[in-house]
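Notes follow once the structure below has been shown.
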Amino acid sequence: MRGETGESAAPSAPARITPVQIVSLVLLLAIALGLRLYKIETESVWFDECVTYLALEKHLPPMEFFRAEAYYDPATVPVYFGSAYVWYNLGFTSIVGMRALSIIAGMTTIVVMYAFGRRLFGHMGGMTVALCMTAAKLQIYMSQEIRNYTFTLMFAAIAMYALQEAVSTNRRHWWVINVIANGLLCLTHFVAGLLLFAQGVYLVVVHWRRYKTIAIWAASHAPFLAFIPLWIKIVTSDNMEEQTNWIVWAGLDRAFRAYFFVFAGSLQDAMDFVRTLPIGIPVHYILGVLFMLAGAVFLIYCARNWRQHRDTAQGYTFSSVALLLVWLFVPPATLFIVARLVRPIFIERYVLFSSLALFLILGGAVASLPRKGLQYSAFGLLALVYAGNLVDYPRPLRHDFKSSCAILRTEFAPGDHLHTCLDYPEPPIGFYAGVPPEAIVSDADFPGVESGDEDFAKRAVDEAQHGKRAWVWMFDVPKVWEHEKIEAHMTAGGVRFTKWEFNGRWHTFLYRLDPA
């Protein structure tokens, strides 16, 4: 019997999972956990995390905690931050303990996505999706973050799995799960409502004959959606512009890099450093090309099956493919259009949940290969490329405030000034080193100074030339802030300086400039 979109009725679920398959999944999950726990004790809190952690340390009443968080993040919604508040007050008060909450959510998301991939494409499809989730750089990073992004991924995965099952089986409990997960998703990250919009687009375009069901589904979300503006009005101060002016306009090239590099998992963000294998091959391009080829294989396989009217696995039906493509493209495209027409807001991590659809498509491509040997070979090749990509993913992943501030805590004296390349290091430096905010000077304190200028170093040199000890804290970014150029200013200015270097994904530098 043909469904409303012309595909065959939904096939049965995959065969029961075997002991060997369970072992393979457990091994992959162990690797995922290891990647997230590796040297986690070296990870300092940076600006966003520090805001949350400092608010928790104050032991504020719940609503005061939310208001403190919303001062720096005006679109704060309550699910993650409420969970963090409860988690902290259960006794997980250390930084590592707080990171554990995101690790749990991240590991849960991998399991859900394995189940999703298995439901659509069988065990090999599920394992491919789980591999991508395990090794993608931004997935690892966000699974450690004292922020709401991993909760967003978890609820997005549950919501989309439930929608797929609801459409396929029309069982009421799947619709209920989808609505609840959507509500939690929208109350976890403000921009995540774009995924709800994408679901609506999918239902209206592909399953428009179910208009009564769609109307009930849409109306069921009204309480969640009505609560969001009310909540934001309650907790948010009038500093939206001030706290979002760091987001820059994004061109089409950044949207392309979001898919090719960030969603695929080779870079942590679209402006990350270029990584290469020891023989000089750019791994991030290899991974991006693999995803492009896999997408082509997947679509060709589906089109051939539809043309030949073959019964096929659930993931290759027209309805499932449409769901994956809408999930993949609608939220980022909508955010990009809003960013171009209204205000800059396009940040890859805001729509990272669309990468889950990309992983599912890759899983479908691997599972479509005609022989098990080819499927295992493709899986092995993907694992090899991800392994090469992770070879030079040094720890710590965040700026090393902990180590650099240990120097400042013992040597920074009253009356000294610390000059920084940006203003957001101020809370972490205050947290780790006890340096007061008024002693930290950044280019943000001087209107007209552009990010990437070296004025912060020049001001420190000027202080030292006038007989006052000065400090410089910076991280090295190729073609933006390079420590060799900063040191050249110091040398040219004739000042003596002491240098400390702290390696990691971001190389952090601390300088003490002694009076000339």
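Just remember, in the structure tokens the first chain shown is A, the second B, etc., residues are 1-based per chain, and ligands are 1-based in the order shown.
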
Leaving out Val441 (chain A) and any residue of its chain fewer than 5 positions from it, which residues lie within 8 Å of it when counting only C-alpha atoms, given as a PDB file with all heavy atoms, in the first residue's frame?
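In the end it all went to around.pdb:
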```pdb
ATOM      1  N   HIS A 417      48.679  47.303  35.909  1.00  0.00           N
ATOM      2  CA  HIS A 417      47.626  47.141  34.911  1.00  0.00           C
ATOM      3  C   HIS A 417      47.908  45.893  34.081  1.00  0.00           C
ATOM      4  O   HIS A 417      49.060  45.616  33.737  1.00  0.00           O
ATOM      5  CB  HIS A 417      47.550  48.363  33.988  1.00  0.00           C
ATOM      6  CG  HIS A 417      46.877  49.543  34.614  1.00  0.00           C
ATOM      7  ND1 HIS A 417      47.208  50.836  34.315  1.00  0.00           N
ATOM      8  CD2 HIS A 417      45.881  49.622  35.536  1.00  0.00           C
ATOM      9  CE1 HIS A 417      46.467  51.673  35.007  1.00  0.00           C
ATOM     10  NE2 HIS A 417      45.640  50.947  35.763  1.00  0.00           N
ATOM     11  N   LEU A 418      46.849  45.148  33.790  1.00  0.00           N
ATOM     12  CA  LEU A 418      46.950  43.978  32.917  1.00  0.00           C
ATOM     13  C   LEU A 418      46.256  44.318  31.610  1.00  0.00           C
ATOM     14  O   LEU A 418      45.055  44.599  31.590  1.00  0.00           O
ATOM     15  CB  LEU A 418      46.294  42.758  33.568  1.00  0.00           C
ATOM     16  CG  LEU A 418      46.236  41.483  32.720  1.00  0.00           C
ATOM     17  CD1 LEU A 418      47.639  40.960  32.426  1.00  0.00           C
ATOM     18  CD2 LEU A 418      45.405  40.405  33.417  1.00  0.00           C
ATOM     19  N   HIS A 419      46.992  44.308  30.507  1.00  0.00           N
ATOM     20  CA  HIS A 419      46.460  44.658  29.186  1.00  0.00           C
ATOM     21  C   HIS A 419      46.125  43.367  28.428  1.00  0.00           C
ATOM     22  O   HIS A 419      46.967  42.475  28.300  1.00  0.00           O
ATOM     23  CB  HIS A 419      47.478  45.500  28.414  1.00  0.00           C
ATOM     24  CG  HIS A 419      47.825  46.786  29.103  1.00  0.00           C
ATOM     25  ND1 HIS A 419      47.175  47.971  28.838  1.00  0.00           N
ATOM     26  CD2 HIS A 419      48.751  47.064  30.070  1.00  0.00           C
ATOM     27  CE1 HIS A 419      47.687  48.934  29.593  1.00  0.00           C
ATOM     28  NE2 HIS A 419      48.638  48.408  30.352  1.00  0.00           N
ATOM     29  N   THR A 420      44.882  43.268  27.943  1.00  0.00           N
ATOM     30  CA  THR A 420      44.425  42.056  27.267  1.00  0.00           C
ATOM     31  C   THR A 420      43.959  42.368  25.855  1.00  0.00           C
ATOM     32  O   THR A 420      43.554  43.495  25.539  1.00  0.00           O
ATOM     33  CB  THR A 420      43.270  41.395  28.043  1.00  0.00           C
ATOM     34  OG1 THR A 420      42.145  42.281  28.066  1.00  0.00           O
ATOM     35  CG2 THR A 420      43.687  41.067  29.461  1.00  0.00           C
ATOM     36  N   ASP A 423      38.079  41.877  25.878  1.00  0.00           N
ATOM     37  CA  ASP A 423      37.562  42.176  27.212  1.00  0.00           C
ATOM     38  C   ASP A 423      37.005  40.947  27.920  1.00  0.00           C
ATOM     39  O   ASP A 423      36.874  40.944  29.143  1.00  0.00           O
ATOM     40  CB  ASP A 423      36.499  43.269  27.147  1.00  0.00           C
ATOM     41  CG  ASP A 423      35.301  42.875  26.297  1.00  0.00           C
ATOM     42  OD1 ASP A 423      35.445  41.968  25.458  1.00  0.00           O
ATOM     43  OD2 ASP A 423      34.230  43.478  26.463  1.00  0.00           O
ATOM     44  N   PHE A 456      46.749  47.094  22.549  1.00  0.00           N
ATOM     45  CA  PHE A 456      46.885  46.683  23.946  1.00  0.00           C
ATOM     46  C   PHE A 456      48.358  46.494  24.318  1.00  0.00           C
ATOM     47  O   PHE A 456      48.786  46.850  25.424  1.00  0.00           O
ATOM     48  CB  PHE A 456      46.086  45.399  24.215  1.00  0.00           C
ATOM     49  CG  PHE A 456      46.604  44.167  23.517  1.00  0.00           C
ATOM     50  CD1 PHE A 456      47.442  43.292  24.181  1.00  0.00           C
ATOM     51  CD2 PHE A 456      46.249  43.877  22.212  1.00  0.00           C
ATOM     52  CE1 PHE A 456      47.914  42.144  23.550  1.00  0.00           C
ATOM     53  CE2 PHE A 456      46.706  42.743  21.576  1.00  0.00           C
ATOM     54  CZ  PHE A 456      47.554  41.874  22.241  1.00  0.00           C
TER      55      PHE A 456
END
```

For a quick check of understanding, using only C-alpha atoms, which of A:Tyr424, A:Phe412, A:Phe336, A:Trp481 has the smallest distance to Tyr72 (chain A)?
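Between A:Tyr424, A:Phe412, A:Phe336, A:Trp481, the residue approaching Tyr72 (chain A) most closely is A:Tyr424.
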
What gap, in Å, lies between CA of Tyr141 (chain A) and CA of Met107 (chain A)?
12.6 Å

Option closest in space to Met154 (chain A), from A:Leu267, A:Val45, A:Ile347, A:Leu184 [counting only C-alpha atoms]:
A:Leu184

Would you list the contacts of Ile146 (chain A) as a compact mmCIF listing (two decimals) with C-alpha atoms, in the first residue's frame, taking every protein, DNA or RNA residue within 10 Å and counting only C-alpha atoms, but skipping same-chain residues closer than 3 positions in sequence?
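And here's selection32.txt as it stands now:
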```txt
# COMPACT_ATOMS: atom_id res chain seq x y z
CA VAL A 45 36.34 28.20 32.64
CA TRP A 46 36.17 30.97 30.05
CA ASP A 48 30.41 32.34 29.42
CA GLU A 49 31.16 29.47 31.77
CA CYS A 50 32.67 31.81 34.35
CA VAL A 51 29.49 33.91 34.43
CA THR A 52 27.45 30.81 35.25
CA TYR A 53 29.93 29.36 37.72
CA TYR A 80 19.71 24.01 31.33
CA PHE A 81 20.46 26.74 33.84
CA ALA A 84 22.82 23.42 36.52
CA ILE A 95 34.39 22.87 37.79
CA VAL A 96 34.88 19.25 36.72
CA GLY A 97 31.72 18.31 38.58
CA MET A 98 29.77 20.97 36.70
CA ARG A 99 31.24 19.80 33.40
CA ALA A 100 30.00 16.30 34.21
CA LEU A 101 26.41 17.45 33.68
CA SER A 102 27.18 18.25 30.04
CA ILE A 103 29.17 15.04 29.63
CA MET A 142 30.34 21.20 23.93
CA SER A 143 30.10 17.98 25.91
CA TYR A 149 24.42 23.51 24.03
CA THR A 150 24.70 19.80 24.81
```

Can you pull out the residues contacting region 369-381 of chain A? Cut-off 10 Å, using only C-alpha atoms, and skip same-chain residues under 6 positions away; I want them as a ChimeraX atom specification.
/A:124-125,127-128,131,290,297-298,301,363,387

Skip region 30-41 of chain A itself and residues of its chain fewer than 6 positions away, then list as a count of residues only all residues within 12 Å of it, counting only C-alpha atoms.
50

In Å and to one decimal, CA of Pro414 (chain A) is distant from CA of Phe475 (chain A) by 24.0 Å

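The shortest atom-to-atom distance to Ser83 (chain A), with only C-alpha atoms taken into account, belongs to A:Leu187 out of A:Leu187, A:Ile429, A:Ile22, A:Val326.
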
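CA of Gln314 (chain A) sits 27.8 Å away from CA of Thr334 (chain A).
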
Considering only C-alpha atoms, tabulate each residue of region 333-390 of chain A that lies at most 10 Å from region 195-212 of chain A along with its nearest interatomic pair and the corresponding distance in Å to one decimal; arrange the rows by chain and ascending residue number and present them as CSV.
```
residue,atom,partner,partner_atom,distance
A:Thr334,CA,A:Ala198,CA,9.2
A:Val351,CA,A:Leu195,CA,8.5
A:Phe353,CA,A:Leu195,CA,8.1
A:Ser354,CA,A:Leu195,CA,8.2
```
